[in-house]
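Visitor: Supplied structure: start_24.pdb, PDB, C-alpha atoms.
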```
MODEL        1
ATOM      1  CA  MET A   1      -6.727 -25.156  -3.105
ATOM      2  CA  SER A   2      -4.112 -22.415  -3.485
ATOM      3  CA  GLU A   3      -1.294 -21.926  -1.023
ATOM      4  CA  PHE A   4       1.257 -19.316  -0.037
ATOM      5  CA  LEU A   5       4.649 -20.719   0.931
ATOM      6  CA  VAL A   6       5.988 -18.604   3.806
ATOM      7  CA  ASP A   7       8.827 -18.687   6.310
ATOM      8  CA  ALA A   8       9.480 -17.249   9.754
ATOM      9  CA  ASP A   9      10.783 -13.948   8.360
ATOM     10  CA  VAL A  10       7.661 -13.391   6.248
ATOM     11  CA  LEU A  11       5.386 -14.001   9.218
ATOM     12  CA  ALA A  12       7.508 -11.873  11.553
ATOM     13  CA  ASN A  13       7.291  -8.936   9.153
ATOM     14  CA  ALA A  14       3.693  -9.459   8.016
ATOM     15  CA  ARG A  15       1.405  -6.580   8.904
ATOM     16  CA  PHE A  16      -2.279  -5.770   9.069
ATOM     17  CA  GLY A  17      -3.511  -2.557   7.488
ATOM     18  CA  THR A  18      -6.180  -0.723   5.526
ATOM     19  CA  SER A  19      -6.363   0.538   1.960
ATOM     20  CA  GLN A  20      -8.741   3.160   0.614
ATOM     21  CA  LEU A  21      -8.436   1.723  -2.902
ATOM     22  CA  THR A  22      -9.109  -1.829  -1.679
ATOM     23  CA  GLU A  23     -12.154  -0.532   0.193
ATOM     24  CA  THR A  24     -13.339   1.166  -3.015
ATOM     25  CA  VAL A  25     -12.892  -1.990  -5.102
ATOM     26  CA  SER A  26     -14.793  -3.946  -2.436
ATOM     27  CA  ALA A  27     -17.615  -1.412  -2.811
ATOM     28  CA  LEU A  28     -17.458  -1.902  -6.587
ATOM     29  CA  LYS A  29     -17.915  -5.651  -6.134
ATOM     30  CA  MET A  30     -20.937  -5.066  -3.912
ATOM     31  CA  LEU A  31     -22.522  -2.731  -6.447
ATOM     32  CA  ARG A  32     -22.109  -5.422  -9.122
ATOM     33  CA  GLN A  33     -23.718  -8.236  -7.130
ATOM     34  CA  PRO A  34     -27.267  -8.939  -5.944
ATOM     35  CA  SER A  35     -27.911  -7.523  -2.508
ATOM     36  CA  GLN A  36     -27.331  -9.459   0.687
ATOM     37  CA  PRO A  37     -28.888  -8.562   4.055
ATOM     38  CA  TRP A  38     -25.748  -7.070   5.564
ATOM     39  CA  TYR A  39     -25.232  -4.452   2.813
ATOM     40  CA  ARG A  40     -28.594  -4.255   1.047
ATOM     41  CA  ALA A  41     -29.464  -0.780   2.367
ATOM     42  CA  TRP A  42     -26.078   0.625   1.331
ATOM     43  CA  ARG A  43     -26.339  -0.889  -2.166
ATOM     44  CA  GLU A  44     -29.898   0.330  -2.716
ATOM     45  CA  LEU A  45     -28.842   3.839  -1.695
ATOM     46  CA  HIS A  46     -26.093   4.043  -4.328
ATOM     47  CA  LEU A  47     -27.212   1.700  -7.111
ATOM     48  CA  ALA A  48     -29.078   4.311  -9.185
ATOM     49  CA  GLY A  49     -26.083   6.653  -9.173
ATOM     50  CA  TRP A  50     -23.746   3.818 -10.118
ATOM     51  CA  THR A  51     -26.008   2.732 -12.964
ATOM     52  CA  ALA A  52     -26.010   6.296 -14.271
ATOM     53  CA  GLN A  53     -22.206   6.387 -14.143
ATOM     54  CA  LEU A  54     -21.961   3.179 -16.165
ATOM     55  CA  ALA A  55     -24.352   4.588 -18.773
ATOM     56  CA  ALA A  56     -22.292   7.773 -19.019
ATOM     57  CA  ARG A  57     -19.013   5.851 -19.389
ATOM     58  CA  PRO A  58     -19.703   2.882 -21.697
ATOM     59  CA  LEU A  59     -16.002   2.203 -22.328
ATOM     60  CA  GLY A  60     -15.205   2.235 -18.626
ATOM     61  CA  ALA A  61     -18.219   0.016 -17.975
ATOM     62  CA  ALA A  62     -16.958  -2.485 -20.574
ATOM     63  CA  VAL A  63     -13.487  -2.566 -19.015
ATOM     64  CA  ILE A  64     -14.915  -3.100 -15.530
ATOM     65  CA  ASP A  65     -17.148  -5.886 -16.800
ATOM     66  CA  ALA A  66     -14.196  -7.590 -18.508
ATOM     67  CA  ALA A  67     -12.063  -7.226 -15.364
ATOM     68  CA  PHE A  68     -14.144  -9.777 -13.444
ATOM     69  CA  GLY A  69     -13.479 -13.230 -14.837
ATOM     70  CA  PRO A  70     -15.063 -16.502 -13.740
ATOM     71  CA  ARG A  71     -12.153 -17.271 -11.381
ATOM     72  CA  TRP A  72     -10.077 -14.126 -11.062
ATOM     73  CA  THR A  73     -10.154 -10.329 -11.030
ATOM     74  CA  ALA A  74      -7.792  -8.271 -13.187
ATOM     75  CA  ASP A  75      -4.560  -7.412 -11.382
ATOM     76  CA  PHE A  76      -4.841  -3.676 -12.066
ATOM     77  CA  LEU A  77      -7.905  -3.531  -9.788
ATOM     78  CA  THR A  78      -6.455  -5.494  -6.901
ATOM     79  CA  VAL A  79      -2.832  -4.471  -6.310
ATOM     80  CA  PRO A  80      -1.929  -3.845  -2.640
ATOM     81  CA  PRO A  81      -0.802  -0.355  -1.588
ATOM     82  CA  LEU A  82       2.848   0.613  -2.035
ATOM     83  CA  ALA A  83       3.005   1.918   1.550
ATOM     84  CA  PRO A  84       0.745   2.182   4.617
ATOM     85  CA  ASP A  85      -1.763   5.007   5.080
ATOM     86  CA  LEU A  86      -1.817   6.272   1.495
ATOM     87  CA  THR A  87      -4.714   8.410   0.310
ATOM     88  CA  PHE A  88      -7.066   7.196  -2.384
ATOM     89  CA  GLU A  89      -5.465   9.501  -4.960
ATOM     90  CA  GLN A  90      -1.994   8.242  -4.082
ATOM     91  CA  GLU A  91      -3.134   4.645  -4.430
ATOM     92  CA  ILE A  92      -4.947   5.127  -7.718
ATOM     93  CA  SER A  93      -2.115   7.025  -9.431
ATOM     94  CA  PRO A  94      -0.201   3.876 -10.538
ATOM     95  CA  LEU A  95      -3.428   2.422 -11.962
ATOM     96  CA  ALA A  96      -4.286   5.626 -13.828
ATOM     97  CA  ALA A  97      -0.790   5.644 -15.367
ATOM     98  CA  LEU A  98      -1.125   2.194 -16.980
ATOM     99  CA  SER A  99      -1.075   2.010 -20.764
ATOM    100  CA  ASP A 100      -3.898   0.566 -22.844
ATOM    101  CA  ASP A 101      -1.686  -2.421 -23.689
ATOM    102  CA  GLU A 102      -1.048  -3.126 -19.991
ATOM    103  CA  ILE A 103      -4.762  -2.981 -19.192
ATOM    104  CA  ARG A 104      -5.613  -5.284 -22.105
ATOM    105  CA  ALA A 105      -2.885  -7.747 -21.087
ATOM    106  CA  ASP A 106      -4.363  -7.989 -17.585
ATOM    107  CA  LEU A 107      -7.852  -8.466 -19.006
ATOM    108  CA  LEU A 108      -6.682 -11.301 -21.267
ATOM    109  CA  VAL A 109      -5.204 -13.077 -18.252
ATOM    110  CA  THR A 110      -8.455 -12.647 -16.340
ATOM    111  CA  ARG A 111     -10.441 -14.168 -19.195
ATOM    112  CA  SER A 112      -8.003 -17.077 -19.650
ATOM    113  CA  PRO A 113      -8.788 -20.568 -18.330
ATOM    114  CA  SER A 114      -5.885 -20.159 -15.887
ATOM    115  CA  PRO A 115      -5.248 -16.577 -14.743
ATOM    116  CA  ARG A 116      -1.739 -17.524 -13.621
ATOM    117  CA  THR A 117      -0.507 -17.779 -17.219
ATOM    118  CA  ARG A 118      -0.684 -15.248 -20.010
ATOM    119  CA  PRO A 119      -2.144 -16.549 -23.303
ATOM    120  CA  THR A 120       0.502 -17.161 -25.946
ATOM    121  CA  THR A 121      -1.460 -18.672 -28.828
ATOM    122  CA  ALA A 122      -4.000 -17.349 -31.279
ATOM    123  CA  ASP A 123      -6.057 -20.539 -31.522
ATOM    124  CA  ASP A 124      -9.803 -20.778 -31.134
ATOM    125  CA  ASP A 125      -9.507 -21.160 -27.347
ATOM    126  CA  ALA A 126      -7.567 -17.928 -26.836
ATOM    127  CA  PRO A 127      -9.524 -15.290 -24.881
ATOM    128  CA  VAL A 128     -11.078 -12.425 -26.809
ATOM    129  CA  LEU A 129     -11.798  -8.953 -25.471
ATOM    130  CA  PRO A 130     -15.026  -7.101 -26.233
ATOM    131  CA  ARG A 131     -14.617  -4.933 -29.330
ATOM    132  CA  LEU A 132     -15.192  -1.725 -27.388
ATOM    133  CA  VAL A 133     -12.297  -2.599 -25.050
ATOM    134  CA  ALA A 134     -10.041  -3.939 -27.800
ATOM    135  CA  GLU A 135     -10.369  -0.737 -29.828
ATOM    136  CA  GLY A 136     -10.791   1.829 -27.049
ATOM    137  CA  HIS A 137      -8.254   4.322 -25.756
ATOM    138  CA  ASP A 138      -7.376   5.707 -22.314
ATOM    139  CA  LEU A 139      -8.742   2.595 -20.628
ATOM    140  CA  ALA A 140      -6.992   3.302 -17.326
ATOM    141  CA  ALA A 141      -8.459   6.799 -17.154
ATOM    142  CA  GLU A 142     -11.941   5.380 -17.715
ATOM    143  CA  VAL A 143     -11.526   2.861 -14.895
ATOM    144  CA  ALA A 144      -9.983   5.456 -12.583
ATOM    145  CA  GLY A 145     -12.932   7.779 -13.219
ATOM    146  CA  LEU A 146     -15.444   5.141 -12.188
ATOM    147  CA  LEU A 147     -13.459   4.148  -9.108
ATOM    148  CA  ARG A 148     -13.081   7.797  -8.150
ATOM    149  CA  TRP A 149     -16.867   8.196  -8.273
ATOM    150  CA  ILE A 150     -17.342   5.174  -6.006
ATOM    151  CA  TRP A 151     -14.814   6.550  -3.532
ATOM    152  CA  THR A 152     -16.116  10.117  -3.378
ATOM    153  CA  GLU A 153     -19.831   9.282  -3.460
ATOM    154  CA  THR A 154     -20.159   6.022  -1.536
ATOM    155  CA  VAL A 155     -17.080   5.402   0.602
ATOM    156  CA  GLU A 156     -15.367   8.677   1.543
ATOM    157  CA  PRO A 157     -18.389  10.211   3.341
ATOM    158  CA  ASP A 158     -18.475   7.152   5.609
ATOM    159  CA  TRP A 159     -14.706   6.648   5.818
ATOM    160  CA  PRO A 160     -14.175   7.919   9.416
ATOM    161  CA  ARG A 161     -16.660   5.364  10.759
ATOM    162  CA  ARG A 162     -15.402   2.612   8.468
ATOM    163  CA  TYR A 163     -11.823   3.341   9.451
ATOM    164  CA  ARG A 164     -12.644   3.005  13.159
ATOM    165  CA  VAL A 165     -14.275  -0.379  12.476
ATOM    166  CA  LEU A 166     -11.314  -1.539  10.379
ATOM    167  CA  GLN A 167      -8.773  -0.405  12.968
ATOM    168  CA  ALA A 168     -10.677  -2.098  15.769
ATOM    169  CA  ASP A 169     -10.648  -5.347  13.804
ATOM    170  CA  ILE A 170      -6.917  -5.027  13.139
ATOM    171  CA  VAL A 171      -6.119  -4.339  16.790
ATOM    172  CA  SER A 172      -8.205  -7.320  17.871
ATOM    173  CA  ARG A 173      -6.454  -9.691  15.460
ATOM    174  CA  THR A 174      -2.931  -8.515  16.225
ATOM    175  CA  SER A 175      -3.697  -8.760  19.942
ATOM    176  CA  SER A 176      -4.808 -12.377  19.560
ATOM    177  CA  LEU A 177      -1.650 -13.305  17.649
ATOM    178  CA  SER A 178       0.379 -13.750  20.840
ATOM    179  CA  VAL A 179      -2.354 -15.936  22.338
ATOM    180  CA  HIS A 180      -3.522 -18.079  19.422
ATOM    181  CA  GLY A 181      -0.614 -17.845  16.978
ATOM    182  CA  TRP A 182      -0.961 -17.593  13.211
ATOM    183  CA  ALA A 183      -3.149 -20.695  13.040
ATOM    184  CA  GLY A 184      -5.770 -18.996  15.205
ATOM    185  CA  VAL A 185      -5.530 -15.623  13.468
ATOM    186  CA  LEU A 186      -5.805 -17.103   9.967
ATOM    187  CA  ARG A 187      -8.746 -19.257  10.971
ATOM    188  CA  GLY A 188     -10.659 -16.097  11.791
ATOM    189  CA  LEU A 189     -10.093 -14.455   8.395
ATOM    190  CA  GLY A 190     -12.598 -16.603   6.520
ATOM    191  CA  PRO A 191     -13.473 -20.180   5.580
ATOM    192  CA  ASP A 192     -10.955 -20.276   2.706
ATOM    193  CA  ILE A 193      -7.911 -19.238   4.748
ATOM    194  CA  ARG A 194      -6.093 -21.454   7.218
ATOM    195  CA  TRP A 195      -2.669 -22.499   8.403
ATOM    196  CA  LEU A 196      -1.631 -25.881   6.979
ATOM    197  CA  GLY A 197       1.690 -26.189   8.802
ATOM    198  CA  ASP A 198       5.244 -26.551   7.494
ATOM    199  CA  GLY A 199       5.259 -23.035   6.066
ATOM    200  CA  ARG A 200       2.075 -23.554   4.040
ATOM    201  CA  MET A 201      -0.878 -21.172   4.200
ATOM    202  CA  GLN A 202      -4.127 -21.928   2.355
ATOM    203  CA  VAL A 203      -5.370 -18.686   0.782
ATOM    204  CA  ASN A 204      -8.353 -19.856  -1.294
ATOM    205  CA  ARG A 205      -9.964 -22.992  -2.726
ATOM    206  CA  ALA A 206      -8.869 -22.478  -6.330
ATOM    207  CA  ASP A 207      -6.757 -25.205  -7.903
ATOM    208  CA  PHE A 208      -3.548 -23.284  -8.668
ATOM    209  CA  PRO A 209       0.098 -24.117  -7.951
ATOM    210  CA  PRO A 210       1.593 -22.819  -4.681
ATOM    211  CA  THR A 211       2.936 -19.255  -4.683
ATOM    212  CA  ASP A 212       6.348 -18.794  -3.072
ATOM    213  CA  VAL A 213       6.144 -15.693  -0.881
ATOM    214  CA  ARG A 214       9.395 -16.398   1.010
ATOM    215  CA  GLY A 215      11.671 -13.374   1.044
ATOM    216  CA  HIS A 216       8.810 -11.062   0.082
ATOM    217  CA  ASP A 217       6.324  -8.735   1.758
ATOM    218  CA  LEU A 218       2.963 -10.006   3.041
ATOM    219  CA  MET A 219       0.089  -7.764   4.129
ATOM    220  CA  PHE A 220      -3.393  -8.514   5.473
ATOM    221  CA  ILE A 221      -5.896  -5.837   4.433
ATOM    222  CA  ALA A 222      -9.095  -5.434   6.436
ATOM    223  CA  THR A 223     -11.986  -4.334   4.240
ATOM    224  CA  HIS A 224     -15.783  -4.287   4.104
ATOM    225  CA  SER A 225     -16.244  -7.177   1.702
ATOM    226  CA  LEU A 226     -18.142 -10.406   1.220
ATOM    227  CA  ARG A 227     -15.170 -12.744   1.158
ATOM    228  CA  SER A 228     -11.393 -12.878   1.212
ATOM    229  CA  SER A 229      -9.239 -12.391  -1.885
ATOM    230  CA  VAL A 230      -5.581 -12.702  -2.824
ATOM    231  CA  THR A 231      -3.754  -9.744  -4.346
ATOM    232  CA  TRP A 232      -0.208  -8.940  -5.358
ATOM    233  CA  ARG A 233       2.125  -6.415  -6.893
ATOM    234  CA  LEU A 234       4.757  -8.574  -8.554
ATOM    235  CA  PRO A 235       7.467  -9.447  -7.937
ATOM    236  CA  ASP A 236       7.680  -8.880  -4.198
ATOM    237  CA  GLN A 237       4.397  -7.671  -2.652
ATOM    238  CA  PHE A 238       1.580 -10.031  -1.698
ATOM    239  CA  ALA A 239      -1.593  -9.408   0.252
ATOM    240  CA  ILE A 240      -4.777 -11.048   1.483
ATOM    241  CA  ALA A 241      -7.857  -8.828   1.728
ATOM    242  CA  TYR A 242     -10.335 -10.213   4.242
ATOM    243  CA  PRO A 243     -13.847  -9.281   5.462
ATOM    244  CA  VAL A 244     -13.817  -7.116   8.543
ATOM    245  CA  SER A 245     -15.889  -8.314  11.482
ATOM    246  CA  GLY A 246     -19.306  -6.663  11.739
ATOM    247  CA  ILE A 247     -19.624  -5.689   8.061
ATOM    248  CA  PHE A 248     -21.490  -2.380   7.744
ATOM    249  CA  ALA A 249     -22.733  -2.884  11.284
ATOM    250  CA  ALA A 250     -23.660   0.362  12.924
ATOM    251  CA  ALA A 251     -23.557   0.492  16.700
ATOM    252  CA  GLN A 252     -26.667  -1.056  18.150
ATOM    253  CA  PRO A 253     -28.891   1.308  20.159
ATOM    254  CA  LEU A 254     -28.150   1.111  23.855
ATOM    255  CA  ALA A 255     -30.923   0.193  26.264
ATOM    256  CA  GLU A 256     -31.962   3.378  28.039
ATOM    257  CA  PRO A 257     -32.076   1.738  31.506
ATOM    258  CA  LEU A 258     -28.418   0.754  31.045
ATOM    259  CA  VAL A 259     -27.570   4.308  29.951
ATOM    260  CA  ARG A 260     -29.325   5.765  33.018
ATOM    261  CA  LEU A 261     -27.481   3.344  35.286
ATOM    262  CA  LEU A 262     -23.950   3.771  33.934
ATOM    263  CA  GLY A 263     -23.943   6.769  31.622
ATOM    264  CA  ARG A 264     -23.871   6.475  27.833
ATOM    265  CA  ASN A 265     -20.121   6.079  27.368
ATOM    266  CA  ARG A 266     -19.645   3.512  30.118
ATOM    267  CA  ALA A 267     -22.687   1.600  28.890
ATOM    268  CA  ARG A 268     -21.225   1.532  25.371
ATOM    269  CA  ILE A 269     -17.882   0.254  26.655
ATOM    270  CA  LEU A 270     -19.511  -2.454  28.763
ATOM    271  CA  VAL A 271     -21.577  -3.649  25.786
ATOM    272  CA  GLU A 272     -18.522  -3.599  23.480
ATOM    273  CA  ALA A 273     -16.674  -5.785  26.007
ATOM    274  CA  ALA A 274     -19.050  -8.721  25.579
ATOM    275  CA  ALA A 275     -15.967 -10.433  24.084
ATOM    276  CA  PRO A 276     -12.343  -9.623  25.014
ATOM    277  CA  ILE A 277     -11.369  -6.258  23.565
ATOM    278  CA  SER A 278      -8.311  -4.022  23.944
ATOM    279  CA  THR A 279      -8.143  -0.403  25.075
ATOM    280  CA  THR A 280      -6.983   0.629  21.604
ATOM    281  CA  ALA A 281      -9.881  -1.183  19.957
ATOM    282  CA  LEU A 282     -12.337   0.558  22.284
ATOM    283  CA  VAL A 283     -10.855   3.927  21.327
ATOM    284  CA  ALA A 284     -11.391   3.018  17.673
ATOM    285  CA  THR A 285     -14.954   1.762  18.027
ATOM    286  CA  THR A 286     -16.263   4.415  20.438
ATOM    287  CA  GLY A 287     -14.427   7.470  19.112
ATOM    288  CA  LEU A 288     -13.511   8.467  22.683
ATOM    289  CA  SER A 289     -10.045   9.593  23.696
ATOM    290  CA  LEU A 290      -7.596   7.098  25.181
ATOM    291  CA  ALA A 291      -7.735   8.897  28.527
ATOM    292  CA  SER A 292     -11.553   8.748  28.626
ATOM    293  CA  VAL A 293     -11.648   5.065  27.726
ATOM    294  CA  ALA A 294      -9.002   4.256  30.337
ATOM    295  CA  ASP A 295     -10.967   6.108  33.006
ATOM    296  CA  HIS A 296     -14.242   4.343  32.158
ATOM    297  CA  LEU A 297     -12.487   0.963  32.118
ATOM    298  CA  ARG A 298     -11.028   1.616  35.564
ATOM    299  CA  VAL A 299     -14.459   2.478  36.988
ATOM    300  CA  LEU A 300     -16.147  -0.542  35.402
ATOM    301  CA  SER A 301     -13.328  -2.856  36.561
ATOM    302  CA  ASP A 302     -13.415  -1.483  40.121
ATOM    303  CA  ALA A 303     -17.178  -2.076  40.117
ATOM    304  CA  GLY A 304     -16.632  -5.736  39.265
ATOM    305  CA  LEU A 305     -18.228  -5.471  35.823
ATOM    306  CA  LEU A 306     -15.090  -6.164  33.752
ATOM    307  CA  HIS A 307     -12.210  -8.622  33.841
ATOM    308  CA  ARG A 308      -8.757  -7.317  32.947
ATOM    309  CA  ARG A 309      -5.793  -9.323  31.624
ATOM    310  CA  ARG A 310      -2.616  -8.485  29.725
ATOM    311  CA  SER A 311      -2.087 -10.261  26.365
ATOM    312  CA  GLY A 312       1.300  -9.466  24.864
ATOM    313  CA  ARG A 313       1.499  -5.698  24.479
ATOM    314  CA  GLN A 314      -2.249  -5.241  24.858
ATOM    315  CA  VAL A 315      -4.541  -5.243  27.884
ATOM    316  CA  LEU A 316      -7.838  -6.999  27.210
ATOM    317  CA  TYR A 317     -11.150  -6.355  28.984
ATOM    318  CA  TRP A 318     -14.335  -8.415  28.975
ATOM    319  CA  GLN A 319     -17.527  -8.691  30.974
ATOM    320  CA  THR A 320     -17.562 -10.521  34.268
ATOM    321  CA  SER A 321     -20.627 -12.608  35.064
ATOM    322  CA  THR A 322     -21.935  -9.602  36.994
ATOM    323  CA  GLY A 323     -21.268  -7.313  34.032
ATOM    324  CA  ARG A 324     -23.084  -9.716  31.731
ATOM    325  CA  ASP A 325     -26.054  -9.943  34.113
ATOM    326  CA  VAL A 326     -26.241  -6.152  34.364
ATOM    327  CA  THR A 327     -26.111  -5.743  30.583
ATOM    328  CA  LEU A 328     -28.731  -8.393  29.878
ATOM    329  CA  GLY A 329     -30.954  -7.340  32.771
ATOM    330  CA  GLN A 330     -31.070  -3.687  31.723
ATOM    331  CA  GLN A 331     -31.715  -4.600  28.065
ATOM    332  CA  ALA A 332     -34.547  -7.007  28.856
TER     333      ALA A 332
ENDMDL
END
```
Turn this file's structure into structure tokens for me.
Guide:
Amino acid sequence: MSEFLVDADVLANARFGTSQLTETVSALKMLRQPSQPWYRAWRELHLAGWTAQLAARPLGAAVIDAAFGPRWTADFLTVPPLAPDLTFEQEISPLAALSDDEIRADLLVTRSPSPRTRPTTADDDAPVLPRLVAEGHDLAAEVAGLLRWIWTETVEPDWPRRYRVLQADIVSRTSSLSVHGWAGVLRGLGPDIRWLGDGRMQVNRADFPPTDVRGHDLMFIATHSLRSSVTWRLPDQFAIAYPVSGIFAAAQPLAEPLVRLLGRNRARILVEAAAPISTTALVATTGLSLASVADHLRVLSDAGLLHRRRSGRQVLYWQTSTGRDVTLGQQA
């Protein structure tokens, strides 16, 4: 397994966030892989357009194909954002500015037996790039063009909804930090990530030496993806991208009897509170204003349908037994 070595300062300053480029690369990975139930409809909707883009950009297609090795993905595709809340164009600018030599160097690492070390010999075991990539020019521009298509055609139109889901996940995890600590938060990021104790954090199951992150920046990036991944911008930025809860899950239709009983917005809030959830997370998932959510929560709490408890800086709400009975009874 691979580990990050961290200290108290790293954990105190670690932050959760989103990245439009990371979300786009996650979409790229989904387009490249056979469909799974939780994103099959999305992939089928965009696969023909993506296939056409690859046919129109054979050099870019070759670079993308070479960027995914058996154990690693090329660094130029996976670097964390330089700052929070950057736009896609701001994030992709450093990638688009890379030279052909820099792109090829990353690809050689990806195709090496151990992606942690750059190949230094020219023996028979040294990795070889496809001829089209080895002789091509403007490789970064080709990759940026394909990523830009994925963003504008498949991600950006759905970004407001995705962003609400991502933010709700982030709020939920940061809220639970004060209750469960880092061991509990990391355990919820995926089967490959967990707290080992003594400043050691397992980040995947690959057999690589530990990475010393002490004194550096650590970010957790919520994204619609299949699994977690480790990214970095050497020498001092490290990140873990993890699958957001409820991947591509649209809000389930509300039972009409429940809507007639409570009203649509209060019914939605009661259903969302099946598990403890914060006011901020409810604002993100419902799209309602903070004042509206607060008012609905007060009414539902006064009616005995919701519990209320402070957790650190957040106030969490969840269904009482009566609230659960009402929800299940009206949906039956």
Visitor: Apply the PyMOL selection byres ((chain A and resi 209) around 8) to the file shown and report the selected residues as a VMD selection string.
Guide: chain A and resid 2 to 3 207 to 208 210 to 211
Visitor: What would the selection look like, as a VMD selection string, if the PyMOL selection byres ((chain A and resi 173) around 10) were run on the coordinates I just shared?
Guide: chain A and resid 16 167 to 172 174 to 178 180 182 184 to 186 188 to 189
Visitor: For A:Leu270, find every residue with an atom within 9 Å (counting only C-alpha atoms), except residues of its own chain fewer than 6 positions away, and show them as a list of chain:residue names.
Guide: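 Final neighbour list, sorted by chain and number: A:Leu297, A:Leu300, A:Leu305, A:Leu306, A:Trp318, A:Gln319, A:Gly323, A:Arg324, A:Thr327.
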Visitor: Give as a PDB file with C-alpha atoms, in the coordinates of the input the residues that the PyMOL selection byres ((chain A and resi 30) around 10) matches when applied to the coordinates above.
Guide:
```
ATOM      1  CA  THR A  24     -13.339   1.166  -3.015  1.00  0.00           C
ATOM      2  CA  VAL A  25     -12.892  -1.990  -5.102  1.00  0.00           C
ATOM      3  CA  SER A  26     -14.793  -3.946  -2.436  1.00  0.00           C
ATOM      4  CA  ALA A  27     -17.615  -1.412  -2.811  1.00  0.00           C
ATOM      5  CA  LEU A  28     -17.458  -1.902  -6.587  1.00  0.00           C
ATOM      6  CA  LYS A  29     -17.915  -5.651  -6.134  1.00  0.00           C
ATOM      7  CA  LEU A  31     -22.522  -2.731  -6.447  1.00  0.00           C
ATOM      8  CA  ARG A  32     -22.109  -5.422  -9.122  1.00  0.00           C
ATOM      9  CA  GLN A  33     -23.718  -8.236  -7.130  1.00  0.00           C
ATOM     10  CA  PRO A  34     -27.267  -8.939  -5.944  1.00  0.00           C
ATOM     11  CA  SER A  35     -27.911  -7.523  -2.508  1.00  0.00           C
ATOM     12  CA  GLN A  36     -27.331  -9.459   0.687  1.00  0.00           C
ATOM     13  CA  TYR A  39     -25.232  -4.452   2.813  1.00  0.00           C
ATOM     14  CA  ARG A  40     -28.594  -4.255   1.047  1.00  0.00           C
ATOM     15  CA  TRP A  42     -26.078   0.625   1.331  1.00  0.00           C
ATOM     16  CA  ARG A  43     -26.339  -0.889  -2.166  1.00  0.00           C
ATOM     17  CA  LEU A  47     -27.212   1.700  -7.111  1.00  0.00           C
ATOM     18  CA  HIS A 224     -15.783  -4.287   4.104  1.00  0.00           C
ATOM     19  CA  SER A 225     -16.244  -7.177   1.702  1.00  0.00           C
ATOM     20  CA  LEU A 226     -18.142 -10.406   1.220  1.00  0.00           C
TER      21      LEU A 226
END
```
Visitor: Between A:Arg187, A:Arg161, A:His216, A:Arg298, which has the minimum distance to A:Gln202 (counting all atoms listed in the file)?
Guide: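 Looking only at the distances to A:Gln202, the closest residue turns out to be A:Arg187.
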